[in-house]
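First up is the structure itself, then whatever we jot down about it.
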Amino acid sequence: MAPLEPWEKVMVNSGFFETVHGQTSCSACHAGDSSSIDKEIAHTGLINAPDADAQRTCGNCHNEIVVSNANSLHTTQAGYFQTMYSRSLPENHAALDEMFGNHCQSCHTTCGDCHIAQPDSVGGGLLNGHEYVKTPPMTRTCTACHGSRVGNEYMGKNEGIPGDVHFRQGRMNCVACHDGASMHDSDGNNHRYEGAQGPSCESCHDQVGKTSDTIVQHQIHQGNLSCQVCHSVTYTSCDSCHVAISETTGNPFFKTAATYMTFFIGRNTRQSSDRPYEFVPVRHIPVDPESYAYYGDNLLPNFNLLPNWAYATPHNIQRNTPQNESCNACHGNAEIFLTADKVKPEELEANRNVIVDTVPGLIPEQ
Amino acid sequence: MRKIILILSLSLSMLLLGACSAKSTPSTVPDETEVSISQATPTTVIPVAFEPPIDNCVVCHTDKQMLIDTAVEEEEDAHGAESEGVG
């Protein structure tokens, strides 16, 4: 979506004043001086985003949601901290926190980032003239942040790669699977791949793997392969995101070394009772030992403790894919497995648990 | 001894009776001045013209032209124009 003009970002619809949220004065939430018509005076003490203190504002009526949302991954961004700190040491946390505040904090999500305005990462601006939007619009909120990988995959924006069948044929938006309850509460998990899968494919496809399932491959592979191993197609990987502060403008910026399309099956390093799979698709994530070097030397001394070919759930699901054409489209096909020769030598150690040493053998008489 | 007990009983009885009579006595006397002021208050309300304070936030933020006129050019590099690659 094209960026909003400055006036568009702050223009309030007359319809807003007919809504419940429009019944209170502007200054009740935003402070400032509403008695002055002078912009500078009126904006003195202005609270641009009152929902930053959600308990004081949204929580007056939506207390239950505000309380649970405070611990959601959208609010805490705990997944980033878990992986960043795991690769580092406590003495580096302050520098990493500074880096995170400068470069990643804009992805932190408040109530208003989904229900009132576009997120800061895409320049902000009211979604619908300050009217509160119960269901966040997909392209202006969800994929505004989750765009370069998930959004492009889901909507088929990667050249030559079809969009997700749930989008193309099902016309489903993000919240069709990722409902409000799951967005507002992460059940205390510190990473999106912790805890029960929510949503899981089986939430809708509840016959998969059951005795009534006529697709024998489901029964053979269920529990051993994540659904995406057979039903996703080529997706985006990225290399080496480095961050810094511009010497000329003082603004933060990043540079990624490469973005390319991959489909590789690797070993599951997040194996649990909720994700028992031996194999999952893996995506190269853009972190390397020097990603945050601008903020200090050797900030990720334990880089090799986590892989940077990471468990992925590509959002471009198809019923028929190249790897599920036949048994031997996958079995014996080393091209689609993350074998050691596909990993950069300097990353072999970090990815030792992901790399597939032995590709499942050919199935005879195929 | 009987005399002493009798005197003590009488004293105690008088004390109790005295306390009861003190409690039943009003502690304050109605102020006649207050009563007269209250009676002097008119019972009809004279309507006074009331204008709610103008909320200038609404005045400006619902006026497209005013917002255009007062907009400040956004910093070109506000969102990291120096960035390269996919974020």
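Letters for chains follow the order of the structure tokens (A, B, ...), residue numbers begin at 1 for each chain, and ligand numbers begin at 1 in the order shown.
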Write out as a PyMOL selection string every residue belonging to chain B that has an atom at most 6 Å from any atom of chain A, counting only C-alpha atoms. chain B and resi 55-57+61-62+67-68+80+82-85
Kindly export the residues of the current selection with C-alpha atoms, as a CSV table (one decimal), in the first residue's frame.
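The new file again20.csv reads:
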```csv
chain,number,residue,atom,x,y,z
B,55,ASP,CA,-12.5,21.3,21.3
B,56,ASN,CA,-9.9,22.6,18.9
B,57,CYS,CA,-8.5,19.1,18.4
B,61,HIS,CA,-8.4,17.1,12.8
B,62,THR,CA,-11.6,17.1,10.9
B,67,LEU,CA,-4.2,19.7,8.3
B,68,ILE,CA,-2.5,20.2,4.9
B,80,GLY,CA,15.8,4.3,7.3
B,82,GLU,CA,19.8,4.1,3.8
B,83,SER,CA,18.6,0.6,4.5
B,84,GLU,CA,19.4,-2.0,1.8
B,85,GLY,CA,17.8,-5.4,1.2
```
Within 7 Å of Ser72 of chain A, counting only C-alpha atoms, which residues qualify if same-chain residues fewer than 4 places away don't, as a list of chain:residue names?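 Contacts, in chain order: A:Ser68, A:Thr76, A:His184, A:Asp185, A:Ser186.
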Could you give me, as a Markdown table, a per-residue list for segment 252-286 of chain A showing, wherever an atom lies at most 10 Å from an atom of segment 326-341 of chain A, the closest pair of atoms and their distance in Å to one decimal, using only C-alpha atoms and sorting by chain then residue number from low to high?
```
| residue | atom | partner | partner_atom | distance |
| --- | --- | --- | --- | --- |
| A:Thr262 | CA | A:Ile336 | CA | 8.9 |
| A:Phe263 | CA | A:Ile336 | CA | 6.3 |
| A:Phe264 | CA | A:Ile336 | CA | 4.9 |
| A:Ile265 | CA | A:Phe337 | CA | 4.6 |
| A:Gly266 | CA | A:Leu338 | CA | 5.3 |
| A:Arg267 | CA | A:Leu338 | CA | 8.4 |
| A:Phe279 | CA | A:Phe337 | CA | 9.5 |
| A:Val280 | CA | A:Phe337 | CA | 10.0 |
| A:Pro281 | CA | A:Phe337 | CA | 8.9 |
| A:Val282 | CA | A:Leu338 | CA | 8.0 |
| A:Arg283 | CA | A:Leu338 | CA | 10.0 |
```
Preceding selection exported with N, CA and C atoms as an mmCIF file, in the first residue's frame:
```cif
data_model
loop_
_atom_site.group_PDB
_atom_site.id
_atom_site.type_symbol
_atom_site.label_atom_id
_atom_site.label_comp_id
_atom_site.auth_asym_id
_atom_site.auth_seq_id
_atom_site.Cartn_x
_atom_site.Cartn_y
_atom_site.Cartn_z
ATOM 1 N N THR A 262 14.455 -20.480 -1.416
ATOM 2 C CA THR A 262 14.951 -21.828 -1.072
ATOM 3 C C THR A 262 13.771 -22.738 -0.729
ATOM 4 N N PHE A 263 14.022 -24.011 -0.826
ATOM 5 C CA PHE A 263 13.152 -24.991 -0.160
ATOM 6 C C PHE A 263 14.056 -26.114 0.333
ATOM 7 N N PHE A 264 14.278 -26.168 1.604
ATOM 8 C CA PHE A 264 15.128 -27.209 2.177
ATOM 9 C C PHE A 264 14.440 -27.835 3.390
ATOM 10 N N ILE A 265 14.544 -29.133 3.447
ATOM 11 C CA ILE A 265 14.035 -29.864 4.613
ATOM 12 C C ILE A 265 15.222 -30.125 5.539
ATOM 13 N N GLY A 266 15.053 -29.733 6.794
ATOM 14 C CA GLY A 266 16.121 -29.957 7.763
ATOM 15 C C GLY A 266 15.588 -30.686 8.982
ATOM 16 N N ARG A 267 16.487 -30.933 9.917
ATOM 17 C CA ARG A 267 16.063 -31.589 11.153
ATOM 18 C C ARG A 267 15.421 -30.564 12.078
ATOM 19 N N PHE A 279 11.493 -33.957 10.779
ATOM 20 C CA PHE A 279 11.880 -33.041 9.699
ATOM 21 C C PHE A 279 10.901 -31.876 9.592
ATOM 22 N N VAL A 280 11.452 -30.689 9.298
ATOM 23 C CA VAL A 280 10.641 -29.486 9.069
ATOM 24 C C VAL A 280 11.317 -28.671 7.960
ATOM 25 N N PRO A 281 10.589 -27.798 7.290
ATOM 26 C CA PRO A 281 11.272 -26.879 6.367
ATOM 27 C C PRO A 281 12.153 -25.928 7.178
ATOM 28 N N VAL A 282 13.283 -25.571 6.628
ATOM 29 C CA VAL A 282 14.159 -24.621 7.337
ATOM 30 C C VAL A 282 14.476 -23.435 6.420
ATOM 31 N N ARG A 283 14.533 -22.282 7.072
ATOM 32 C CA ARG A 283 14.746 -21.021 6.348
ATOM 33 C C ARG A 283 16.016 -20.372 6.896
#
```
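Atom CA of Ser182 of chain A lies 26.8 Å from atom CA of His218 of chain A.
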To test your reading of the structure, identify every residue in segment 178-336 of chain A that backbone DSSP assigns to strand (DSSP E), and report it as a ChimeraX atom specification. /A:235-245,252-262,264-267,279-284,309-311
For the residues selected in the previous step, produce a file with N, CA and C atoms as a short mmCIF file (atom, residue, chain, number, x, y, z; two decimals), in the first residue's frame.
```cif
data_model
loop_
_atom_site.label_atom_id
_atom_site.label_comp_id
_atom_site.auth_asym_id
_atom_site.auth_seq_id
_atom_site.Cartn_x
_atom_site.Cartn_y
_atom_site.Cartn_z
N TYR A 235 10.37 -20.71 -0.72
CA TYR A 235 10.12 -19.53 0.14
C TYR A 235 11.41 -18.74 0.31
N THR A 236 11.30 -17.64 1.02
CA THR A 236 12.42 -16.68 1.10
C THR A 236 13.40 -17.02 2.22
N SER A 237 14.68 -16.90 1.89
CA SER A 237 15.73 -16.93 2.91
C SER A 237 16.54 -15.64 2.79
N CYS A 238 17.19 -15.24 3.86
CA CYS A 238 17.98 -14.01 3.84
C CYS A 238 19.32 -14.25 4.54
N ASP A 239 20.31 -13.48 4.15
CA ASP A 239 21.64 -13.59 4.77
C ASP A 239 22.03 -12.28 5.43
N SER A 240 22.69 -12.39 6.55
CA SER A 240 23.48 -11.32 7.16
C SER A 240 22.82 -9.95 7.19
N CYS A 241 21.94 -9.76 8.11
CA CYS A 241 21.40 -8.41 8.34
C CYS A 241 22.35 -7.71 9.31
N HIS A 242 22.89 -6.57 8.87
CA HIS A 242 23.75 -5.78 9.74
C HIS A 242 23.08 -4.45 10.00
N VAL A 243 23.15 -4.00 11.23
CA VAL A 243 22.47 -2.76 11.59
C VAL A 243 23.49 -1.70 12.02
N ALA A 244 23.12 -0.44 11.82
CA ALA A 244 23.99 0.67 12.23
C ALA A 244 23.17 1.94 12.31
N ILE A 245 23.82 3.00 12.78
CA ILE A 245 23.20 4.33 12.81
C ILE A 245 23.88 5.19 11.75
N PRO A 252 18.61 5.04 12.33
CA PRO A 252 19.02 3.64 12.22
C PRO A 252 18.73 3.09 10.83
N PHE A 253 19.57 2.19 10.38
CA PHE A 253 19.32 1.51 9.11
C PHE A 253 19.89 0.11 9.18
N PHE A 254 19.52 -0.70 8.19
CA PHE A 254 20.03 -2.08 8.13
C PHE A 254 20.47 -2.39 6.70
N LYS A 255 21.29 -3.40 6.57
CA LYS A 255 21.66 -3.91 5.25
C LYS A 255 21.67 -5.43 5.31
N THR A 256 20.89 -6.04 4.43
CA THR A 256 20.94 -7.50 4.34
C THR A 256 21.78 -7.86 3.13
N ALA A 257 22.62 -8.87 3.31
CA ALA A 257 23.57 -9.22 2.25
C ALA A 257 22.89 -9.85 1.05
N ALA A 258 21.90 -10.69 1.29
CA ALA A 258 21.27 -11.39 0.17
C ALA A 258 19.89 -11.88 0.57
N THR A 259 19.02 -11.92 -0.43
CA THR A 259 17.70 -12.52 -0.25
C THR A 259 17.48 -13.46 -1.43
N TYR A 260 17.08 -14.66 -1.16
CA TYR A 260 16.98 -15.66 -2.23
C TYR A 260 15.91 -16.69 -1.86
N MET A 261 15.51 -17.46 -2.85
CA MET A 261 14.43 -18.42 -2.66
C MET A 261 15.01 -19.81 -2.41
N THR A 262 14.46 -20.48 -1.42
CA THR A 262 14.95 -21.83 -1.07
C THR A 262 13.77 -22.74 -0.73
N PHE A 264 14.28 -26.17 1.60
CA PHE A 264 15.13 -27.21 2.18
C PHE A 264 14.44 -27.83 3.39
N ILE A 265 14.54 -29.13 3.45
CA ILE A 265 14.03 -29.86 4.61
C ILE A 265 15.22 -30.12 5.54
N GLY A 266 15.05 -29.73 6.79
CA GLY A 266 16.12 -29.96 7.76
C GLY A 266 15.59 -30.69 8.98
N ARG A 267 16.49 -30.93 9.92
CA ARG A 267 16.06 -31.59 11.15
C ARG A 267 15.42 -30.56 12.08
N PHE A 279 11.49 -33.96 10.78
CA PHE A 279 11.88 -33.04 9.70
C PHE A 279 10.90 -31.88 9.59
N VAL A 280 11.45 -30.69 9.30
CA VAL A 280 10.64 -29.49 9.07
C VAL A 280 11.32 -28.67 7.96
N PRO A 281 10.59 -27.80 7.29
CA PRO A 281 11.27 -26.88 6.37
C PRO A 281 12.15 -25.93 7.18
N VAL A 282 13.28 -25.57 6.63
CA VAL A 282 14.16 -24.62 7.34
C VAL A 282 14.48 -23.43 6.42
N ARG A 283 14.53 -22.28 7.07
CA ARG A 283 14.75 -21.02 6.35
C ARG A 283 16.02 -20.37 6.90
N HIS A 284 16.85 -19.84 6.00
CA HIS A 284 18.04 -19.14 6.51
C HIS A 284 17.61 -17.77 7.02
N TRP A 309 19.84 -21.67 10.17
CA TRP A 309 18.85 -22.30 9.30
C TRP A 309 17.75 -22.74 10.26
N ALA A 310 16.67 -21.97 10.29
CA ALA A 310 15.70 -22.10 11.38
C ALA A 310 14.41 -22.77 10.94
N TYR A 311 13.81 -23.49 11.88
CA TYR A 311 12.48 -24.08 11.73
C TYR A 311 11.56 -23.02 11.10
#
```
When you draw a straight line from atom CA of Glu153 of chain A to atom CA of Pro307 of chain A, how long is it in Å? 22.6 Å
Residues of segment 9-155 of chain A in helix (DSSP H, G or I), written as a PyMOL selection string: chain A and resi 9-10+14-18+20-23+26-30+39-42+50-53+58-60+63-69+73-76+78-86+90-103+105-107+111-115+120-122+138-145+147-154
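Counting from atom CA of Glu202 of chain A, the distance to atom CA of Gly223 of chain A is 11.9 Å.
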